Amino acid sequence: MTPFYISLKPFLDYRKLPRPTLWNEIFANQKPLEVEIGFGNGEYLARLAESRPDTNFVGFEEYCERIHKTLRKLSRVNNDNVRVLRMDVRPAFEYLFSPESISYIHCLYPPPWPKKSDIKHRLFTTDFLKRVNHRLTLNGVLKIVTDHHPYILWVQEQLPTSGFKATLKSIAASYDTKFERKWVEGGQKEFYELILTKEESMELPQKKEADVKLYRLNHFDPHHFQMKPYSESGIAVVFKDILYDEAKKTALIHLLVNDEHIFQNIRVVVYQTPQGWQMNLAEGTMMMPTAGIAKAWELVYEAAQSRV
Ligand SMILES: C[S@@+](CC[C@H](N)C(=O)[O-])C[C@H]1O[C@@H](n2cnc3c(N)ncnc32)[C@H](O)[C@@H]1O
């Protein structure tokens with residue numbers, strides 16, 4: 001059977017990448033690095049990679065089906081200068097890039113979240129813009145293209161203190177991507193291109209990584225394991241459920257962990273050994289080692305040790 005994506009070569013598993021990632025080592029060259037956020041079906045990313053062999057490209061997208069379509073297009077690119085990851089770009093910018101390592105960031109048609117109640121989901125908040133600034137080289141550019149004029153006005157409101165100079169242009173459809181074609185078919189003629197050039201460097205503290213090490217437990221009762229929801233200082237941890245395999249003496253604890261905008265599902269495995277119960281992160285669990293993960297770890301440890 002031929003896989004739909006043809007080749008997985010450009011696909012990277014972010015859990016296996018060093019933090020920060022040395023992209024020049026991944027590409028095995030010193031070419032400048034550009035990023036596309038939310039590449040959708042990958043038309044633009046594939047064109048960039050094909051037409052600019054002197055540049056390396058890294059793309060981020062959350063939808064699996066769109067990544068499959070993109071991998072298909074990338075299999076026809078004649079250069080080995082593009083990689084794609086399935087992940088939210090926000091933790092990617094926090095953990096996978098060194099300061100001043102990206103020369104250009106492209107973002108075509110980010111979700112505008114037009115409803116007032118959904119504005120909190122918009123990507124280019126001041127905090128995220130500062131993070132983007134920190135990862136861009138001096139005079140590096142973030143280009144945002146949208147069909148939704150209120151979105152551009154909102155991004156402009158986020159700009160003060162983010163270190164960018166802004167130039168806004170009204171343009172005709174120019175990118176021939178799936179979403180752009182959709183708006184064109186719907187009759188839209190005018191689009192907006194915001195070019196943000198890094199003028200001033202933002203100072204940002206490097207986030208500390210959580211140390212999720214193997215724990216030994218003095219006591220663990222899988223039949224009565226309970227954990228209260230936790231919410232403080234931008235971190236929330238919610239216990240979802242516990243599965244226990246009596247024969248294998250192994251429990252799997254499912255948690256939801258939220259750090260500001262980073263939302264993670266993790267599973268902690270607690271298993272019996274001749275030396276007692278041990279607690280570890282279940283293999284394959286998606287994880288960025290945030291402060292929320294460290295807190296979740298501590299909470300599971302405390303809850304497991306407590307006798308009800
Ligand atoms: C409206 S679509 C545009 C897709 C493509 N750029 C185009 O023009 O056809 C927005 C895309 O951004 C992706 N996206 C939205 N927020 C994202 C995030 N935080 N990280 C990565 N991708 C994101 C979505 O999954 C979606 O595919």
# chains A, B, ... in the order shown; residues from 1 in each chain; ligands from 1
$ residues_near_ligand --ligand "ligand 1" --cutoff "7 Å" --atoms "only C-alpha atoms and all ligand atoms" --output "ChimeraX atom specification"
/A:37-41,60-63,66,87-90,107-111,123,177-180
$ residues_around --residues "Asp211 (chain A)" --least-positions-apart "6" --cutoff "12 Å" --atoms "only C-alpha atoms" --output "PyMOL selection string"
chain A and resi 280-281+288-298
$ select_by_dssp --residues "region 24-192 of chain A" --states "helix (DSSP H, G or I)" --output "PyMOL selection string"
chain A and resi 24-27+43-51+64-74+89-95+116-121+126-135+149-158+178-185
$ closest_residue --among "A:Lys248, A:Lys169, A:Lys208, A:Arg47" --to "Ser75 (chain A)" --atoms "only C-alpha atoms"
A:Arg47
$ closest_atom_pairs --of "region 38-121 of chain A" --to "region 137-153 of chain A" --cutoff "10 Å" --atoms "only C-alpha atoms" --output "Markdown table"
| residue | atom | partner | partner_atom | distance |
| --- | --- | --- | --- | --- |
| A:Pro99 | CA | A:Thr137 | CA | 7.8 |
| A:Glu100 | CA | A:Thr137 | CA | 4.1 |
| A:Ser101 | CA | A:Thr137 | CA | 6.1 |
| A:Ile102 | CA | A:Thr137 | CA | 5.9 |
| A:Ser103 | CA | A:Gly140 | CA | 4.8 |
| A:Tyr104 | CA | A:Val141 | CA | 4.8 |
| A:Ile105 | CA | A:Leu142 | CA | 4.6 |
| A:His106 | CA | A:Lys143 | CA | 5.0 |
| A:Cys107 | CA | A:Ile144 | CA | 4.9 |
| A:Leu108 | CA | A:Val145 | CA | 4.8 |
| A:Tyr109 | CA | A:Thr146 | CA | 4.6 |
| A:Pro110 | CA | A:Thr146 | CA | 6.9 |
| A:Pro111 | CA | A:Thr146 | CA | 8.8 |
| A:Pro112 | CA | A:Tyr151 | CA | 5.9 |
| A:Trp113 | CA | A:Tyr151 | CA | 8.3 |
| A:Pro114 | CA | A:Tyr151 | CA | 7.7 |
| A:Ile119 | CA | A:Tyr151 | CA | 9.4 |
$ write_last_selection --atoms "C-alpha atoms" --output "PDB file, in the first residue's frame"
ATOM      1  CA  PRO A  99      17.625  33.769  20.031  1.00  0.00           C
ATOM      2  CA  GLU A 100      18.189  35.503  16.668  1.00  0.00           C
ATOM      3  CA  SER A 101      18.109  32.258  14.696  1.00  0.00           C
ATOM      4  CA  ILE A 102      15.286  32.968  12.186  1.00  0.00           C
ATOM      5  CA  SER A 103      15.529  35.513   9.380  1.00  0.00           C
ATOM      6  CA  TYR A 104      11.906  35.513   8.138  1.00  0.00           C
ATOM      7  CA  ILE A 105       8.559  34.206   9.392  1.00  0.00           C
ATOM      8  CA  HIS A 106       5.584  33.771   7.055  1.00  0.00           C
ATOM      9  CA  CYS A 107       2.031  33.441   8.294  1.00  0.00           C
ATOM     10  CA  LEU A 108      -0.742  33.345   5.696  1.00  0.00           C
ATOM     11  CA  TYR A 109      -4.308  33.598   6.910  1.00  0.00           C
ATOM     12  CA  PRO A 110      -3.994  32.858  10.638  1.00  0.00           C
ATOM     13  CA  PRO A 111      -7.390  31.996  12.144  1.00  0.00           C
ATOM     14  CA  PRO A 112      -8.980  35.412  12.837  1.00  0.00           C
ATOM     15  CA  TRP A 113     -11.306  34.196  15.624  1.00  0.00           C
ATOM     16  CA  PRO A 114     -13.800  36.931  14.670  1.00  0.00           C
ATOM     17  CA  ILE A 119     -10.331  36.841  20.699  1.00  0.00           C
TER      18      ILE A 119
END
$ atom_distance --atom1 "CA of Leu159 (chain A)" --atom2 "CA of His134 (chain A)"
13.9 Å
$ closest_residue --among "A:Lys120, A:Lys182, A:Lys249, A:Lys198" --to "Asp221 (chain A)" --atoms "only C-alpha atoms"
A:Lys249
$ closest_atom_pairs --of "region 166-281 of chain A" --to "region 12-33 of chain A" --cutoff "12 Å" --atoms "only C-alpha atoms" --output "JSON lines"
{"residue": "A:Gln206", "atom": "CA", "partner": "A:Pro20", "partner_atom": "CA", "distance": 10.4}
{"residue": "A:Lys207", "atom": "CA", "partner": "A:Arg19", "partner_atom": "CA", "distance": 11.0}
{"residue": "A:Lys208", "atom": "CA", "partner": "A:Arg19", "partner_atom": "CA", "distance": 11.0}
{"residue": "A:Glu209", "atom": "CA", "partner": "A:Arg19", "partner_atom": "CA", "distance": 9.4}
$ closest_residue --among "A:Pro222, A:Pro53, A:Gly186, A:Gly234" --to "Ser306 (chain A)" --atoms "only C-alpha atoms"
A:Pro222
$ closest_residue --among "A:Leu168, A:Leu256, A:Val238, A:Leu136" --to "Ser201 (chain A)" --atoms "only C-alpha atoms"
A:Leu136
$ closest_residue --among "A:Val257, A:Pro274, A:Gln264, A:Phe164" --to "Arg216 (chain A)" --atoms "only C-alpha atoms"
A:Pro274
$ atom_distance --atom1 "CA of Leu217 (chain A)" --atom2 "CA of Met287 (chain A)"
22.5 Å
$ closest_residue --among "A:Val155, A:Val184, A:Leu196, A:Ala46" --to "Thr167 (chain A)" --atoms "only C-alpha atoms"
A:Leu196
$ residues_around --residues "region 6-10 of chain A" --least-positions-apart "2" --cutoff "10 Å" --atoms "only C-alpha atoms" --output "number ranges by chain"
A: 2-4, 12, 58-59, 68-76, 80-85
